[in-house]
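*Asks:* Handing over work-v4.cif, mmCIF, C-alpha atoms.
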data_target
#
loop_
_atom_site.group_PDB
_atom_site.id
_atom_site.type_symbol
_atom_site.label_atom_id
_atom_site.label_comp_id
_atom_site.auth_asym_id
_atom_site.auth_seq_id
_atom_site.Cartn_x
_atom_site.Cartn_y
_atom_site.Cartn_z
ATOM 1 C CA MET A 1 -67.389 45.514 63.509
ATOM 2 C CA PRO A 2 -64.191 46.319 61.579
ATOM 3 C CA THR A 3 -64.211 49.289 59.253
ATOM 4 C CA SER A 4 -63.477 48.927 55.538
ATOM 5 C CA ARG A 5 -60.071 50.492 56.181
ATOM 6 C CA SER A 6 -59.223 47.897 58.848
ATOM 7 C CA VAL A 7 -60.422 45.068 56.579
ATOM 8 C CA LEU A 8 -58.277 46.435 53.745
ATOM 9 C CA THR A 9 -55.307 46.730 56.078
ATOM 10 C CA ALA A 10 -55.770 43.115 57.177
ATOM 11 C CA LEU A 11 -55.993 41.909 53.580
ATOM 12 C CA VAL A 12 -52.850 43.814 52.590
ATOM 13 C CA ALA A 13 -50.985 42.477 55.606
ATOM 14 C CA SER A 14 -52.101 38.956 54.789
ATOM 15 C CA ALA A 15 -50.987 39.337 51.159
ATOM 16 C CA LEU A 16 -47.621 40.747 52.191
ATOM 17 C CA GLY A 17 -47.208 37.883 54.630
ATOM 18 C CA ALA A 18 -47.964 35.359 51.902
ATOM 19 C CA CYS A 19 -45.486 37.066 49.535
ATOM 20 C CA SER A 20 -42.810 37.079 52.235
ATOM 21 C CA LEU A 21 -43.416 33.405 52.973
ATOM 22 C CA GLY A 22 -43.232 32.626 49.252
ATOM 23 C CA ALA A 23 -39.951 34.530 48.970
ATOM 24 C CA ILE A 24 -38.537 32.600 51.939
ATOM 25 C CA HIS A 25 -39.569 29.274 50.412
ATOM 26 C CA SER A 26 -38.092 30.319 47.049
ATOM 27 C CA HIS A 27 -34.816 31.277 48.747
ATOM 28 C CA HIS A 28 -34.650 27.951 50.585
ATOM 29 C CA ARG A 29 -35.369 26.012 47.373
ATOM 30 C CA GLN A 30 -32.665 27.915 45.507
ATOM 31 C CA LYS A 31 -30.178 27.292 48.327
ATOM 32 C CA ALA A 32 -31.075 23.585 48.280
ATOM 33 C CA ARG A 33 -30.614 23.429 44.500
ATOM 34 C CA GLN A 34 -27.179 25.028 44.818
ATOM 35 C CA GLU A 35 -26.185 22.555 47.533
ATOM 36 C CA VAL A 36 -27.341 19.542 45.529
ATOM 37 C CA LEU A 37 -25.574 20.853 42.420
ATOM 38 C CA GLY A 38 -22.361 21.169 44.423
ATOM 39 C CA VAL A 39 -22.662 17.637 45.786
ATOM 40 C CA LEU A 40 -23.473 16.024 42.434
ATOM 41 C CA SER A 41 -20.828 17.948 40.477
ATOM 42 C CA GLY A 42 -18.225 16.673 42.953
ATOM 43 C CA GLY A 43 -18.999 13.037 42.148
ATOM 44 C CA PHE A 44 -20.381 13.067 38.604
ATOM 45 C CA GLU A 45 -19.117 14.466 35.329
ATOM 46 C CA THR A 46 -22.444 15.818 34.089
ATOM 47 C CA VAL A 47 -25.290 17.326 36.131
ATOM 48 C CA PHE A 48 -28.718 18.414 34.891
ATOM 49 C CA ALA A 49 -31.334 20.281 36.917
ATOM 50 C CA ALA A 50 -34.968 20.892 35.970
ATOM 51 C CA ASP A 51 -38.250 21.823 37.557
ATOM 52 C CA ALA A 52 -40.509 18.843 38.130
ATOM 53 C CA GLY A 53 -42.753 19.561 35.129
ATOM 54 C CA LEU A 54 -39.902 19.424 32.622
ATOM 55 C CA ALA A 55 -38.150 16.511 34.330
ATOM 56 C CA GLU A 56 -41.345 14.452 34.375
ATOM 57 C CA GLY A 57 -41.977 15.313 30.725
ATOM 58 C CA VAL A 58 -45.556 16.533 31.266
ATOM 59 C CA GLU A 59 -45.145 20.267 30.660
ATOM 60 C CA THR A 60 -44.717 21.995 27.316
ATOM 61 C CA PRO A 61 -43.268 25.512 27.658
ATOM 62 C CA HIS A 62 -44.895 28.315 25.668
ATOM 63 C CA ASP A 63 -44.059 28.230 21.935
ATOM 64 C CA VAL A 64 -42.064 24.990 22.317
ATOM 65 C CA PRO A 65 -43.411 22.029 20.280
ATOM 66 C CA ARG A 66 -44.323 18.947 22.291
ATOM 67 C CA ASP A 67 -41.641 16.763 20.688
ATOM 68 C CA VAL A 68 -38.999 19.355 21.526
ATOM 69 C CA ALA A 69 -40.184 19.552 25.153
ATOM 70 C CA ARG A 70 -39.840 15.764 25.435
ATOM 71 C CA VAL A 71 -36.192 15.973 24.348
ATOM 72 C CA LEU A 72 -35.527 18.671 26.957
ATOM 73 C CA GLY A 73 -36.478 16.105 29.606
ATOM 74 C CA ALA A 74 -34.321 13.320 28.135
ATOM 75 C CA PRO A 75 -31.589 13.426 30.844
ATOM 76 C CA PHE A 76 -34.249 12.256 33.333
ATOM 77 C CA ALA A 77 -35.671 9.456 31.162
ATOM 78 C CA VAL A 78 -34.166 6.501 33.044
ATOM 79 C CA VAL A 79 -35.196 7.654 36.522
ATOM 80 C CA ARG A 80 -38.621 8.544 35.096
ATOM 81 C CA TYR A 81 -38.914 4.993 33.778
ATOM 82 C CA GLY A 82 -37.845 3.592 37.126
ATOM 83 C CA LEU A 83 -40.501 5.527 39.021
ATOM 84 C CA SER A 84 -43.205 4.614 36.497
ATOM 85 C CA SER A 85 -42.562 0.923 37.105
ATOM 86 C CA LEU A 86 -43.661 1.417 40.734
ATOM 87 C CA GLY A 87 -47.175 2.041 39.442
ATOM 88 C CA ALA A 88 -48.947 5.128 38.200
ATOM 89 C CA SER A 89 -50.362 6.215 41.561
ATOM 90 C CA TYR A 90 -46.998 5.930 43.331
ATOM 91 C CA ALA A 91 -45.057 7.691 40.582
ATOM 92 C CA THR A 92 -47.672 10.446 40.361
ATOM 93 C CA ARG A 93 -47.435 11.034 44.099
ATOM 94 C CA ILE A 94 -43.659 11.416 43.978
ATOM 95 C CA TRP A 95 -43.763 13.833 41.058
ATOM 96 C CA HIS A 96 -46.610 15.793 42.668
ATOM 97 C CA ASP A 97 -44.552 16.203 45.849
ATOM 98 C CA THR A 98 -41.416 17.293 43.950
ATOM 99 C CA SER A 99 -40.402 20.847 43.066
ATOM 100 C CA TRP A 100 -37.035 20.208 41.369
ATOM 101 C CA VAL A 101 -34.922 17.269 40.217
ATOM 102 C CA LEU A 102 -31.157 17.191 39.731
ATOM 103 C CA ILE A 103 -29.364 14.232 38.180
ATOM 104 C CA GLY A 104 -25.666 13.400 37.974
ATOM 105 C CA ALA A 105 -24.198 11.041 35.364
ATOM 106 C CA THR A 106 -20.735 9.564 34.879
ATOM 107 C CA ASP A 107 -18.907 6.479 33.567
ATOM 108 C CA PHE A 108 -20.332 6.734 30.050
ATOM 109 C CA GLN A 109 -20.360 3.425 28.145
ATOM 110 C CA LEU A 110 -21.530 2.300 24.710
ATOM 111 C CA PRO A 111 -24.564 -0.039 24.804
ATOM 112 C CA PRO A 112 -23.811 -3.788 24.745
ATOM 113 C CA GLY A 113 -22.999 -4.984 21.266
ATOM 114 C CA GLU A 114 -22.901 -1.384 20.048
ATOM 115 C CA ALA A 115 -26.475 -1.797 18.838
ATOM 116 C CA GLY A 116 -27.676 1.057 16.646
ATOM 117 C CA GLY A 117 -30.297 3.336 18.137
ATOM 118 C CA ALA A 118 -29.552 2.419 21.767
ATOM 119 C CA ASP A 119 -28.830 5.012 24.427
ATOM 120 C CA VAL A 120 -25.354 5.493 25.841
ATOM 121 C CA ARG A 121 -25.153 3.944 29.328
ATOM 122 C CA SER A 122 -23.956 5.714 32.441
ATOM 123 C CA ARG A 123 -24.141 5.524 36.213
ATOM 124 C CA SER A 124 -26.717 8.071 37.287
ATOM 125 C CA THR A 125 -28.131 9.390 40.548
ATOM 126 C CA ALA A 126 -31.095 11.756 40.852
ATOM 127 C CA VAL A 127 -31.986 13.985 43.790
ATOM 128 C CA PHE A 128 -35.635 15.029 44.128
ATOM 129 C CA LEU A 129 -36.207 18.238 46.066
ATOM 130 C CA LEU A 130 -39.478 17.470 47.800
ATOM 131 C CA LYS A 131 -42.178 19.943 48.729
ATOM 132 C CA ARG A 132 -42.528 18.002 51.967
ATOM 133 C CA PRO A 133 -40.906 14.917 53.514
ATOM 134 C CA GLY A 134 -42.288 11.400 53.182
ATOM 135 C CA ALA A 135 -42.959 11.214 49.443
ATOM 136 C CA LEU A 136 -41.705 7.665 49.034
ATOM 137 C CA VAL A 137 -43.376 6.089 52.045
ATOM 138 C CA SER A 138 -46.529 8.124 52.697
ATOM 139 C CA PHE A 139 -48.750 6.844 49.884
ATOM 140 C CA SER A 140 -52.355 6.250 50.817
ATOM 141 C CA GLY A 141 -53.076 2.553 50.507
ATOM 142 C CA GLY A 142 -49.552 1.408 51.367
ATOM 143 C CA LEU A 143 -46.296 0.875 49.547
ATOM 144 C CA SER A 144 -45.732 -0.341 46.017
ATOM 145 C CA PRO A 145 -45.358 -4.143 46.067
ATOM 146 C CA LEU A 146 -42.146 -3.743 44.048
ATOM 147 C CA LEU A 147 -40.367 -1.861 46.829
ATOM 148 C CA LYS A 148 -38.112 -3.886 49.133
ATOM 149 C CA ARG A 149 -36.181 -2.716 52.150
ATOM 150 C CA THR A 150 -32.419 -3.212 52.170
ATOM 151 C CA THR A 151 -31.087 -5.465 54.935
ATOM 152 C CA ASP A 152 -29.989 -2.467 57.019
ATOM 153 C CA GLY A 153 -33.405 -0.836 56.567
ATOM 154 C CA GLY A 154 -31.875 2.382 55.279
ATOM 155 C CA ALA A 155 -33.003 2.228 51.672
ATOM 156 C CA TRP A 156 -35.577 0.886 49.241
ATOM 157 C CA THR A 157 -34.756 -1.161 46.150
ATOM 158 C CA TRP A 158 -36.748 -2.294 43.145
ATOM 159 C CA THR A 159 -36.271 -3.625 39.628
ATOM 160 C CA SER A 160 -37.782 -2.314 36.404
ATOM 161 C CA PRO A 161 -38.206 -4.555 33.353
ATOM 162 C CA PRO A 162 -35.953 -4.334 30.273
ATOM 163 C CA ALA A 163 -36.758 -1.649 27.707
ATOM 164 C CA GLU A 164 -35.993 -1.013 24.053
ATOM 165 C CA GLY A 165 -32.227 -0.830 23.598
ATOM 166 C CA HIS A 166 -31.696 -2.127 27.160
ATOM 167 C CA PRO A 167 -32.100 -5.929 27.216
ATOM 168 C CA THR A 168 -31.460 -6.366 30.948
ATOM 169 C CA PRO A 169 -33.607 -5.207 33.888
ATOM 170 C CA PHE A 170 -32.925 -1.845 35.558
ATOM 171 C CA GLY A 171 -32.048 -1.896 39.238
ATOM 172 C CA PHE A 172 -32.808 1.116 41.456
ATOM 173 C CA VAL A 173 -32.125 2.096 45.041
ATOM 174 C CA ALA A 174 -33.709 5.037 46.863
ATOM 175 C CA MET A 175 -33.017 6.798 50.156
ATOM 176 C CA GLU A 176 -35.093 9.558 51.707
ATOM 177 C CA ILE A 177 -33.183 11.930 53.932
ATOM 178 C CA ARG A 178 -33.895 15.101 55.850
ATOM 179 C CA GLY A 179 -33.946 18.258 53.843
ATOM 180 C CA PRO A 180 -36.213 16.925 52.432
ATOM 181 C CA TYR A 181 -34.466 15.002 49.691
ATOM 182 C CA LEU A 182 -35.227 11.780 47.886
ATOM 183 C CA VAL A 183 -32.175 10.158 46.267
ATOM 184 C CA VAL A 184 -32.793 7.611 43.481
ATOM 185 C CA SER A 185 -29.861 5.853 41.849
ATOM 186 C CA ASP A 186 -28.947 2.889 39.683
ATOM 187 C CA ASN A 187 -25.878 2.306 41.870
ATOM 188 C CA GLN A 188 -26.093 1.613 45.605
ATOM 189 C CA ARG A 189 -22.665 3.035 46.404
ATOM 190 C CA ASP A 190 -23.442 6.278 44.560
ATOM 191 C CA CYS A 191 -26.786 6.510 46.359
ATOM 192 C CA GLN A 192 -25.119 6.099 49.740
ATOM 193 C CA MET A 193 -22.388 8.617 48.891
ATOM 194 C CA VAL A 194 -24.816 11.329 47.769
ATOM 195 C CA SER A 195 -27.195 10.662 50.670
ATOM 196 C CA ALA A 196 -24.356 10.831 53.199
ATOM 197 C CA GLU A 197 -23.175 14.185 51.859
ATOM 198 C CA LEU A 198 -26.674 15.677 51.758
ATOM 199 C CA SER A 199 -27.253 14.502 55.351
ATOM 200 C CA GLN A 200 -24.401 16.617 56.728
ATOM 201 C CA PRO A 201 -25.790 19.318 59.048
ATOM 202 C CA ASP A 202 -23.206 21.886 57.912
ATOM 203 C CA LEU A 203 -23.500 21.122 54.192
ATOM 204 C CA MET A 204 -21.438 23.637 52.213
ATOM 205 C CA PRO A 205 -20.190 21.988 49.009
ATOM 206 C CA PRO A 206 -17.897 24.091 46.814
ATOM 207 C CA ALA A 207 -19.473 25.815 43.834
ATOM 208 C CA PRO A 208 -18.705 24.031 40.555
ATOM 209 C CA GLU A 209 -15.729 25.575 38.787
ATOM 210 C CA GLY A 210 -16.641 28.032 36.041
ATOM 211 C CA LEU A 211 -20.383 27.816 36.749
ATOM 212 C CA ASP A 212 -22.589 30.686 35.595
ATOM 213 C CA ALA A 213 -24.491 30.966 38.877
ATOM 214 C CA ALA A 214 -26.904 33.589 37.540
ATOM 215 C CA ALA A 215 -27.934 31.377 34.610
ATOM 216 C CA PHE A 216 -28.390 28.413 36.955
ATOM 217 C CA ALA A 217 -30.572 30.439 39.332
ATOM 218 C CA LYS A 218 -33.050 31.609 36.697
ATOM 219 C CA SER A 219 -33.231 28.530 34.437
ATOM 220 C CA ARG A 220 -36.039 25.959 34.304
ATOM 221 C CA LEU A 221 -33.505 23.526 32.848
ATOM 222 C CA PHE A 222 -29.768 23.707 33.363
ATOM 223 C CA GLY A 223 -26.945 21.374 32.362
ATOM 224 C CA TYR A 224 -23.346 21.483 33.588
ATOM 225 C CA ARG A 225 -20.368 19.362 32.622
ATOM 226 C CA ARG A 226 -16.784 19.549 33.820
ATOM 227 C CA TYR A 227 -14.681 17.723 31.243
ATOM 228 C CA LYS A 228 -12.421 14.901 32.367
ATOM 229 C CA HIS A 229 -9.839 14.149 29.707
ATOM 230 C CA GLY A 230 -8.214 10.786 29.143
ATOM 231 C CA ASP A 231 -11.573 8.956 29.173
ATOM 232 C CA ALA A 232 -11.230 5.619 27.365
ATOM 233 C CA ASN A 233 -14.798 5.797 26.014
ATOM 234 C CA ARG A 234 -14.652 9.147 24.261
ATOM 235 C CA ASP A 235 -17.369 8.273 21.731
ATOM 236 C CA ALA A 236 -19.798 7.195 24.448
ATOM 237 C CA ALA A 237 -18.931 10.260 26.530
ATOM 238 C CA GLY A 238 -19.673 12.595 23.612
ATOM 239 C CA MET A 239 -16.043 13.689 23.389
ATOM 240 C CA SER A 240 -15.110 12.668 19.857
ATOM 241 C CA VAL A 241 -14.923 16.360 18.867
ATOM 242 C CA ILE A 242 -13.668 17.609 22.243
ATOM 243 C CA SER A 243 -9.950 18.289 22.629
ATOM 244 C CA GLU A 244 -7.764 18.953 25.653
ATOM 245 C CA ASP A 245 -8.478 22.690 25.566
ATOM 246 C CA ALA A 246 -12.117 22.260 26.652
ATOM 247 C CA THR A 247 -12.795 22.622 30.374
ATOM 248 C CA GLY A 248 -16.582 22.696 30.695
ATOM 249 C CA LEU A 249 -20.009 22.941 29.117
ATOM 250 C CA GLU A 250 -23.284 24.597 30.138
ATOM 251 C CA PHE A 251 -26.815 24.488 28.770
ATOM 252 C CA SER A 252 -29.540 26.802 30.032
ATOM 253 C CA PHE A 253 -33.231 27.244 29.276
ATOM 254 C CA GLU A 254 -35.065 29.971 31.190
ATOM 255 C CA GLY A 255 -38.522 29.068 29.905
ATOM 256 C CA LYS A 256 -39.593 32.646 29.185
ATOM 257 C CA ALA A 257 -38.803 32.376 25.457
ATOM 258 C CA PRO A 258 -38.403 29.382 23.121
ATOM 259 C CA ARG A 259 -34.628 29.415 23.032
ATOM 260 C CA ALA A 260 -31.756 27.901 24.964
ATOM 261 C CA GLU A 261 -28.076 28.770 25.309
ATOM 262 C CA LEU A 262 -25.097 26.428 24.981
ATOM 263 C CA ASP A 263 -21.765 27.616 26.387
ATOM 264 C CA LEU A 264 -18.418 25.899 25.913
ATOM 265 C CA MET A 265 -15.544 26.841 28.213
ATOM 266 C CA GLY A 266 -11.953 26.319 27.128
ATOM 267 C CA ARG A 267 -8.416 27.623 27.064
ATOM 268 C CA ASN A 268 -8.585 28.222 23.308
ATOM 269 C CA SER A 269 -11.006 27.764 20.391
ATOM 270 C CA GLN A 270 -9.923 24.291 19.278
ATOM 271 C CA SER A 271 -12.989 22.400 20.569
ATOM 272 C CA ALA A 272 -15.363 25.166 19.476
ATOM 273 C CA ASP A 273 -13.851 25.002 15.986
ATOM 274 C CA ARG A 274 -14.272 21.223 15.881
ATOM 275 C CA ILE A 275 -17.905 21.416 17.026
ATOM 276 C CA ASN A 276 -18.545 24.101 14.421
ATOM 277 C CA GLY A 277 -16.881 21.913 11.801
ATOM 278 C CA ALA A 278 -19.396 19.140 12.464
ATOM 279 C CA ARG A 279 -22.195 21.582 11.571
ATOM 280 C CA LEU A 280 -24.706 19.908 13.853
ATOM 281 C CA LEU A 281 -25.368 23.116 15.793
ATOM 282 C CA PRO A 282 -25.539 26.839 15.108
ATOM 283 C CA ALA A 283 -21.984 28.161 15.188
ATOM 284 C CA LEU A 284 -20.369 28.778 18.569
ATOM 285 C CA ARG A 285 -19.011 32.326 18.848
ATOM 286 C CA MET A 286 -16.731 33.779 21.511
ATOM 287 C CA SER A 287 -18.948 35.624 24.009
ATOM 288 C CA SER A 288 -16.175 36.401 26.508
ATOM 289 C CA PRO A 289 -12.556 35.273 26.953
ATOM 290 C CA GLY A 290 -12.559 31.476 27.342
ATOM 291 C CA ARG A 291 -16.283 31.130 26.574
ATOM 292 C CA TRP A 292 -18.034 30.273 23.284
ATOM 293 C CA THR A 293 -21.826 30.526 22.999
ATOM 294 C CA THR A 294 -24.600 29.578 20.625
ATOM 295 C CA THR A 295 -28.398 29.820 20.757
ATOM 296 C CA ILE A 296 -30.715 26.871 20.098
ATOM 297 C CA ARG A 297 -34.128 27.968 18.826
ATOM 298 C CA LEU A 298 -36.791 25.699 20.317
ATOM 299 C CA ASP A 299 -39.811 26.945 18.341
ATOM 300 C CA ARG A 300 -39.053 24.556 15.461
ATOM 301 C CA ASP A 301 -39.878 20.862 15.262
ATOM 302 C CA SER A 302 -37.378 18.518 13.617
ATOM 303 C CA ASP A 303 -34.498 21.022 13.424
ATOM 304 C CA ALA A 304 -34.689 21.794 17.145
ATOM 305 C CA VAL A 305 -34.950 18.094 18.002
ATOM 306 C CA GLU A 306 -31.825 17.279 15.981
ATOM 307 C CA GLU A 307 -29.872 20.122 17.550
ATOM 308 C CA LEU A 308 -30.948 19.131 21.064
ATOM 309 C CA PHE A 309 -29.825 15.547 20.445
ATOM 310 C CA ALA A 310 -26.436 16.950 19.396
ATOM 311 C CA VAL A 311 -26.313 19.066 22.574
ATOM 312 C CA LEU A 312 -27.247 16.153 24.839
ATOM 313 C CA SER A 313 -24.601 13.933 23.237
ATOM 314 C CA LEU A 314 -21.980 16.514 24.270
ATOM 315 C CA PHE A 315 -23.141 16.016 27.857
ATOM 316 C CA GLY A 316 -22.968 12.202 27.600
ATOM 317 C CA PHE A 317 -26.670 11.549 26.940
ATOM 318 C CA GLY A 318 -26.157 10.358 23.376
ATOM 319 C CA VAL A 319 -27.670 7.697 21.162
ATOM 320 C CA TYR A 320 -25.262 5.282 19.513
ATOM 321 C CA ALA A 321 -26.063 5.255 15.781
#
Can I see the file as structure tokens?
*Replies:*
Amino acid sequence: MPTSRSVLTALVASALGACSLGAIHSHHRQKARQEVLGVLSGGFETVFAADAGLAEGVETPHDVPRDVARVLGAPFAVVRYGLSSLGASYATRIWHDTSWVLIGATDFQLPPGEAGGADVRSRSTAVFLLKRPGALVSFSGGLSPLLKRTTDGGAWTWTSPPAEGHPTPFGFVAMEIRGPYLVVSDNQRDCQMVSAELSQPDLMPPAPEGLDAAAFAKSRLFGYRRYKHGDANRDAAGMSVISEDATGLEFSFEGKAPRAELDLMGRNSQSADRINGARLLPALRMSSPGRWTTTIRLDRDSDAVEELFAVLSLFGFGVYA
């Protein structure tokens, strides 16, 4: 019969083993997030990353009002809508099996007819970092009747009905690849491109230029944009106050306190001055050479919502008024 000391030793060893395993899993998830961020930032102008709770819109961080938390998850609204149209049980299973979601957006366009109150359109592709493989196809009771195999058998497609401000149906394509990753896109070519890159055995995408890697690593929600100038749809892309000096934009929310940081990168202060002139956000101040920062307080209701809408419009997730 083991002594109390031997039992205690076994318990401590077991706990240390569990902690070590958790640290390994955390390291692998962080490495996967970095790889996906590198892939998406190479093909899309804006990338957002969030843990599954924020991306799904079901979690409300401490001291953050519910309406504010919903706006934090707005970059994932379209893919969320697409999954919900598969049926509640199928969507729930995917979200339950997901730890993180990253989404890339590009090709920003005004809504048809420039209808007031409609969201800006873009091509978008989301990558779900799964807790285990098989999330899309391993539902008990079979597949969603909406899902259809592509002719080559390599992907699933489905259509979601029109929604407010979007009079035409949404088309989606999804590919599950080793990693495990689930790629969901509204563009088949983008889906194939991202899936092909993530499938490479020696995946080592370059780190996005100017990225604050430390902020990305510790944030529950992180947005990154590398500005492309000369875009014909500057209003849709949220660039009406952005001049040639601006090079990038970051948004980070750690989740430990009800505040978020917005950072503008540029060669001079011209874009920061223009954003400040609009007075939609707390003033951007130089935090280091080439970087201007402001803090968004999230423990307020309507004021925080308005400021977050202004932030998201700078990333291309705007609403055309």
*Asks:* Starting from the shown file, work through the PyMOL selection byres ((chain A and resi 79) around 9) and note down what comes out as a ChimeraX atom specification.
*Replies:* /A:75-78,80-84,103,124-126,172,184-186
*Asks:* Run the PyMOL selection byres ((chain A and resi 305) around 12) on the file and write out the hits as number ranges by chain.
*Replies:* A: 64-74, 280-281, 296-304, 306-312
*Asks:* Could you tell me which of A:Pro162, A:Pro167, A:Gly104, A:Pro282 comes closest to Gly316 of chain A if we count only C-alpha atoms?
*Replies:*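 Checking each of A:Pro162, A:Pro167, A:Gly104, A:Pro282 against Gly316 of chain A, counting only C-alpha atoms, the winner is A:Gly104.
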*Asks:* Can you tell me how far atom CA of Gln30 of chain A sits from atom CA of Ala52 of chain A, in Å to one decimal?
*Replies:*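 Computing the Euclidean distance for atom CA of Gln30 of chain A and atom CA of Ala52 of chain A yields 14.1 Å.
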*Asks:* Write out as a PDB file with C-alpha atoms, keeping the file's coordinate frame the residues lying within 8 Å of segment 214-220 of chain A, counting all atoms listed in the file and excluding same-chain residues fewer than 3 positions away.
*Replies:*
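Final output, saved to result_35.pdb:
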ATOM      1  CA  GLN A  30     -32.665  27.915  45.507  1.00  0.00           C
ATOM      2  CA  ALA A  49     -31.334  20.281  36.917  1.00  0.00           C
ATOM      3  CA  ALA A  50     -34.968  20.892  35.970  1.00  0.00           C
ATOM      4  CA  ASP A  51     -38.250  21.823  37.557  1.00  0.00           C
ATOM      5  CA  LEU A  54     -39.902  19.424  32.622  1.00  0.00           C
ATOM      6  CA  SER A 252     -29.540  26.802  30.032  1.00  0.00           C
ATOM      7  CA  PHE A 253     -33.231  27.244  29.276  1.00  0.00           C
ATOM      8  CA  GLU A 254     -35.065  29.971  31.190  1.00  0.00           C
ATOM      9  CA  GLY A 255     -38.522  29.068  29.905  1.00  0.00           C
TER      10      GLY A 255
END
*Asks:* Nearest to His62 of chain A among A:Trp156, A:Leu40, A:Pro258, A:Phe128, with distances taken over only C-alpha atoms: which residue is it?
*Replies:*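 With only C-alpha atoms as the atom set, the closest residue is A:Pro258.
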*Asks:* With the input short on atoms, add all heavy atoms back to segment 211-216 of chain A and write it as an mmCIF file, keeping the file's coordinate frame.
*Replies:*
data_model
loop_
_atom_site.group_PDB
_atom_site.id
_atom_site.type_symbol
_atom_site.label_atom_id
_atom_site.label_comp_id
_atom_site.auth_asym_id
_atom_site.auth_seq_id
_atom_site.Cartn_x
_atom_site.Cartn_y
_atom_site.Cartn_z
ATOM 1 N N LEU A 211 -18.922 27.793 36.868
ATOM 2 C CA LEU A 211 -20.383 27.816 36.749
ATOM 3 C C LEU A 211 -20.916 29.232 36.618
ATOM 4 O O LEU A 211 -20.509 30.134 37.352
ATOM 5 C CB LEU A 211 -21.009 27.146 37.973
ATOM 6 C CG LEU A 211 -22.547 27.150 38.019
ATOM 7 C CD1 LEU A 211 -23.093 26.082 37.101
ATOM 8 C CD2 LEU A 211 -23.033 26.944 39.444
ATOM 9 N N ASP A 212 -21.854 29.430 35.695
ATOM 10 C CA ASP A 212 -22.589 30.686 35.595
ATOM 11 C C ASP A 212 -23.743 30.607 36.589
ATOM 12 O O ASP A 212 -24.830 30.120 36.272
ATOM 13 C CB ASP A 212 -23.098 30.886 34.166
ATOM 14 C CG ASP A 212 -23.761 32.245 33.963
ATOM 15 O OD1 ASP A 212 -24.165 32.865 34.969
ATOM 16 O OD2 ASP A 212 -23.889 32.677 32.805
ATOM 17 N N ALA A 213 -23.506 31.098 37.803
ATOM 18 C CA ALA A 213 -24.491 30.966 38.877
ATOM 19 C C ALA A 213 -25.786 31.694 38.554
ATOM 20 O O ALA A 213 -26.873 31.234 38.928
ATOM 21 C CB ALA A 213 -23.899 31.476 40.188
ATOM 22 N N ALA A 214 -25.698 32.832 37.872
ATOM 23 C CA ALA A 214 -26.904 33.589 37.540
ATOM 24 C C ALA A 214 -27.783 32.810 36.575
ATOM 25 O O ALA A 214 -29.009 32.762 36.727
ATOM 26 C CB ALA A 214 -26.528 34.943 36.938
ATOM 27 N N ALA A 215 -27.168 32.177 35.564
ATOM 28 C CA ALA A 215 -27.934 31.377 34.610
ATOM 29 C C ALA A 215 -28.575 30.179 35.304
ATOM 30 O O ALA A 215 -29.726 29.827 35.033
ATOM 31 C CB ALA A 215 -27.037 30.913 33.465
ATOM 32 N N PHE A 216 -27.844 29.549 36.221
ATOM 33 C CA PHE A 216 -28.390 28.413 36.955
ATOM 34 C C PHE A 216 -29.597 28.830 37.785
ATOM 35 O O PHE A 216 -30.613 28.133 37.826
ATOM 36 C CB PHE A 216 -27.311 27.807 37.853
ATOM 37 C CG PHE A 216 -27.806 26.730 38.782
ATOM 38 C CD1 PHE A 216 -28.308 25.536 38.276
ATOM 39 C CD2 PHE A 216 -27.785 26.912 40.154
ATOM 40 C CE1 PHE A 216 -28.772 24.544 39.129
ATOM 41 C CE2 PHE A 216 -28.246 25.932 41.013
ATOM 42 C CZ PHE A 216 -28.737 24.739 40.494
#
